[in-house]
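*Asks:* Here it is, the structure, as structure tokens.
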Amino acid sequence: MFAVAKDDKKDNSDPKYLTGAVTMTDGKIVFSERIETPSISKSELYDIMLKWANERFTPEKSINSRVVYTNEEKGEIVGSGEEYMVFSSSALSLDRTRIYYYFLIKVEDGGCEISMSRIRYWYDENRDGGEKYTAEEWINDKMALNKSKTKLAPICGKFRRETINLKDELFKSAKDYLGQRALSNTVSDNSAKTDTTEETSVSDGNPRTVSVSQLPSDINEIISKG
């Protein structure tokens with residue numbers, strides 16, 4: 001009862017989980033986003049994203065996440081994700097599911113496309129083998145939303161909510177990692193060029209230079225958006 005009550009406290013009417021939150025491509029659920037990186041070459045971008053993927057998709061105990069495909073010439077990296085999504089947890093109860101998915105990174109000059117697809121679930125695995133679902137049949141609007149499309153449905157809705165949360169976390173992690181590496185490379189390059197100055201500076205893309213202390217606090221987010 002405590003676990004159910006805890007789950008009910010979550011905002012099931014947040015627009016981020018409702019109509020339009022789950023996108024379909026050729027009948028399949030695919031989440032995708034483009035990251036613009038005009039100042040980073042394709043080869044540098046590939047190396048950065050491969051490092052992120054190798055750190056993010058690693059086997060751990062019974063969870064077998066890993067990078068399953070790389071092609072530097074085509075700029076393609078594929079991570080096979082497997083992890084637990086927890087719906088609610090207490091001293092007496094743990095409600096969770098395994099989620100499986102593929103994470104594709106497509107690198108090209110000027111940016112990269114990241115996407116999450118082929119999403120599947122293995123729920124209640126310790127009870128008679130559990131139940132298995134695909135995202136297409138389980139978190140679509142008809143199954144995971146109420147009839148008026150104003151809130152998440154009681155059962156399928158929690159799968160939809162936590163899948164979207166996981167997608168957001170993955171996309172943010174990739175963009176933050178890229179932003180940090182881009183800033184680090186820029187500072188390093190300019191340090192070598194300005195070692196006679198008192199303070200390291202980086203170019204902001206205009207015909208002038210700004211000091212590191214003048215950079216905005218949200219520089220990583222700015223860089224990740226190009």
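Going by the structure tokens order, chains are called A, B, ..., each with residues numbered from 1, while ligands are numbered from 1 in the order shown.
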With a distance cut-off of 12 Å and only C-alpha atoms, select the neighbouring residues of Leu45 of chain A, excluding the residue or stretch itself and same-chain residues fewer than 4 positions from it, and output the selection as JSON, numbers by chain.
*Replies:* {"A": [35, 36, 37, 38, 39, 40, 41, 49, 50, 51, 52, 72, 75, 76, 77, 105, 106, 107, 108, 109, 110, 111, 112, 113, 174, 175, 177, 178, 179, 181, 182, 185, 224]}
*Asks:* Go ahead and write the residues just picked, C-alpha atoms, as a short mmCIF file (atom, residue, chain, number, x, y, z; two decimals), in the first residue's frame.
*Replies:*
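Written out: result_32.cif:
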```
data_model
loop_
_atom_site.label_atom_id
_atom_site.label_comp_id
_atom_site.auth_asym_id
_atom_site.auth_seq_id
_atom_site.Cartn_x
_atom_site.Cartn_y
_atom_site.Cartn_z
CA ILE A 35 22.95 18.18 -31.33
CA GLU A 36 24.62 20.98 -33.28
CA THR A 37 28.42 21.16 -32.97
CA PRO A 38 29.72 23.50 -35.70
CA SER A 39 33.10 24.00 -34.02
CA ILE A 40 33.97 20.29 -33.68
CA SER A 41 35.18 18.11 -36.54
CA MET A 49 30.69 10.30 -28.31
CA LEU A 50 32.36 6.89 -28.40
CA LYS A 51 33.99 7.62 -25.03
CA TRP A 52 30.61 8.64 -23.62
CA GLU A 72 34.04 5.48 -37.63
CA GLY A 75 30.10 7.97 -37.95
CA GLU A 76 27.83 5.39 -36.30
CA ILE A 77 27.82 4.12 -32.72
CA ILE A 105 24.57 7.97 -32.35
CA LYS A 106 25.01 9.20 -35.92
CA VAL A 107 27.92 11.64 -36.26
CA GLU A 108 28.49 13.97 -39.21
CA ASP A 109 30.10 17.33 -39.91
CA GLY A 110 28.39 20.00 -37.86
CA GLY A 111 26.63 17.78 -35.36
CA CYS A 112 25.15 14.40 -34.49
CA GLU A 113 21.78 12.72 -34.20
CA ALA A 174 25.27 12.86 -23.85
CA LYS A 175 24.90 16.63 -24.35
CA TYR A 177 29.51 15.16 -21.79
CA LEU A 178 29.92 16.68 -25.23
CA GLY A 179 29.77 20.19 -23.82
CA ARG A 181 34.78 17.91 -23.67
CA ALA A 182 34.29 20.75 -26.14
CA ASN A 185 39.48 21.12 -25.71
CA SER A 224 25.56 21.28 -26.47
#
```
*Asks:* Hey, could you make a per-residue contact list for segment 71-165 of chain A against segment 12-28 of chain A with 6 Å as the cut-off, showing the nearest pair of atoms and its distance in Å to one decimal, counting only C-alpha atoms, sorted by chain and number, as a tab-separated table?
*Replies:*
```
residue	atom	partner	partner_atom	distance
A:Lys151	CA	A:Ser13	CA	4.2
A:Leu152	CA	A:Asn12	CA	5.1
A:Arg161	CA	A:Tyr17	CA	6.0
```
*Asks:* Which residues are near Arg96 of chain A? Cut-off 6 Å, only C-alpha atoms, ignore same chain within fewer than 4 positions. Put them as a ChimeraX atom specification.
*Replies:* /A:85-87
*Asks:* Just write the chosen residues, N, CA, C and O atoms, as a PDB file, in the first residue's frame.
*Replies:*
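Result saved to out-v3.pdb:
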```pdb
ATOM      1  N   MET A  85      14.270   0.172 -14.342  1.00  0.00           N
ATOM      2  CA  MET A  85      13.497   1.376 -14.079  1.00  0.00           C
ATOM      3  C   MET A  85      12.663   1.108 -12.832  1.00  0.00           C
ATOM      4  O   MET A  85      11.878   0.156 -12.801  1.00  0.00           O
ATOM      5  N   VAL A  86      12.836   1.925 -11.805  1.00  0.00           N
ATOM      6  CA  VAL A  86      12.117   1.741 -10.549  1.00  0.00           C
ATOM      7  C   VAL A  86      10.898   2.652 -10.520  1.00  0.00           C
ATOM      8  O   VAL A  86      11.007   3.864 -10.672  1.00  0.00           O
ATOM      9  N   PHE A  87       9.732   2.046 -10.320  1.00  0.00           N
ATOM     10  CA  PHE A  87       8.485   2.804 -10.223  1.00  0.00           C
ATOM     11  C   PHE A  87       8.241   3.279  -8.797  1.00  0.00           C
ATOM     12  O   PHE A  87       7.832   4.421  -8.569  1.00  0.00           O
TER      13      PHE A  87
END
```
*Asks:* How many Å separate atom CA of Asp168 of chain A from atom CA of Glu73 of chain A?
*Replies:*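 If I compute the distance from atom CA of Asp168 of chain A to atom CA of Glu73 of chain A, I get 28.2 Å.
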*Asks:* Taking 5 positions as the minimum chain separation for residues in the same chain, which residues sit within 8 Å of Ser115 of chain A when counting only C-alpha atoms? Answer as a VMD selection string.
*Replies:* chain A and resid 30 to 33 103 to 105
*Asks:* Can you tell me, as number ranges by chain, which residues in segment 2-214 of chain A count as strand (DSSP E) by DSSP?
*Replies:* A: 24-25, 28-29, 31-36, 59-60, 63-64, 66-71, 76-89, 94-108, 111-123, 131-134, 201-203, 209-211
*Asks:* Can you tell me, as a count of residues only, what residues are no more than 9 Å from Tyr121 of chain A when counting only C-alpha atoms, ignoring any on the same chain fewer than 6 positions away?
*Replies:* 11
*Asks:* Choose the residue, out of A:Arg56, A:Glu125, A:Tyr102, A:Thr150, that has the smallest atom-to-atom separation from Val68 of chain A; count only C-alpha atoms.
*Replies:*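 Nearest candidate to Val68 of chain A out of A:Arg56, A:Glu125, A:Tyr102, A:Thr150: A:Tyr102.
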*Asks:* Leaving out Ser65 of chain A and any residue of its chain fewer than 5 positions from it, which residues lie within 10 Å of it when counting only C-alpha atoms, given as a ChimeraX atom specification?
*Replies:* /A:54,56-60,79-83,100-102
*Asks:* Write a file of the selected residues as a short mmCIF file (atom, residue, chain, number, x, y, z; two decimals), in the first residue's frame, keeping N, CA and C atoms.
*Replies:*
```cif
data_model
loop_
_atom_site.label_atom_id
_atom_site.label_comp_id
_atom_site.auth_asym_id
_atom_site.auth_seq_id
_atom_site.Cartn_x
_atom_site.Cartn_y
_atom_site.Cartn_z
N ASN A 54 30.92 4.29 -24.28
CA ASN A 54 31.63 3.22 -23.58
C ASN A 54 31.51 3.37 -22.07
N ARG A 56 28.84 4.92 -20.58
CA ARG A 56 27.42 4.81 -20.21
C ARG A 56 26.89 3.39 -20.35
N PHE A 57 27.34 2.67 -21.38
CA PHE A 57 26.82 1.32 -21.63
C PHE A 57 27.88 0.28 -21.28
N THR A 58 27.90 -0.10 -20.01
CA THR A 58 28.87 -1.07 -19.52
C THR A 58 28.15 -2.15 -18.73
N PRO A 59 28.59 -3.42 -18.87
CA PRO A 59 27.95 -4.52 -18.13
C PRO A 59 28.14 -4.34 -16.62
N GLU A 60 27.12 -4.70 -15.85
CA GLU A 60 27.21 -4.61 -14.40
C GLU A 60 26.31 -5.68 -13.78
N GLY A 79 24.68 1.67 -28.88
CA GLY A 79 24.76 1.09 -27.55
C GLY A 79 23.52 0.25 -27.29
N SER A 80 23.70 -0.92 -26.71
CA SER A 80 22.58 -1.77 -26.32
C SER A 80 22.34 -1.56 -24.83
N GLY A 81 21.21 -0.94 -24.49
CA GLY A 81 20.93 -0.62 -23.10
C GLY A 81 20.08 -1.67 -22.42
N GLU A 82 20.45 -1.99 -21.19
CA GLU A 82 19.66 -2.87 -20.34
C GLU A 82 19.82 -2.37 -18.91
N GLU A 83 18.75 -2.00 -18.26
CA GLU A 83 18.83 -1.48 -16.90
C GLU A 83 17.47 -1.59 -16.21
N TYR A 100 14.96 -2.68 -22.03
CA TYR A 100 15.97 -2.93 -23.05
C TYR A 100 15.74 -1.91 -24.18
N TYR A 101 16.82 -1.42 -24.76
CA TYR A 101 16.68 -0.45 -25.85
C TYR A 101 18.00 -0.34 -26.61
N TYR A 102 17.93 0.27 -27.77
CA TYR A 102 19.13 0.61 -28.54
C TYR A 102 19.30 2.12 -28.57
#
```
*Asks:* Quick one: residues within 7 Å of Ile139 of chain A, only C-alpha atoms, excluding same-chain residues fewer than 6 positions away - as a PyMOL selection string?
*Replies:* chain A and resi 156-157+159-160
*Asks:* In Å, rounded to a single decimal, give me how far atom CA of Gly129 of chain A is from atom CA of Ser93 of chain A.
*Replies:*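 One can read the atom CA of Ser93 of chain A to atom CA of Gly129 of chain A distance as 18.3 Å.
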*Asks:* State, in Å with one decimal place, the distance from atom CA of Asp95 of chain A to atom CA of Tyr123 of chain A.
*Replies:*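 Distance between the two atoms: 8.9 Å.
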*Asks:* Please extract the residues of segment 8-216 of chain A with a backbone DSSP assignment of alpha helix (DSSP H) and present them as a ChimeraX atom specification.
*Replies:* /A:8,42-56,135-138,141-144,156-193
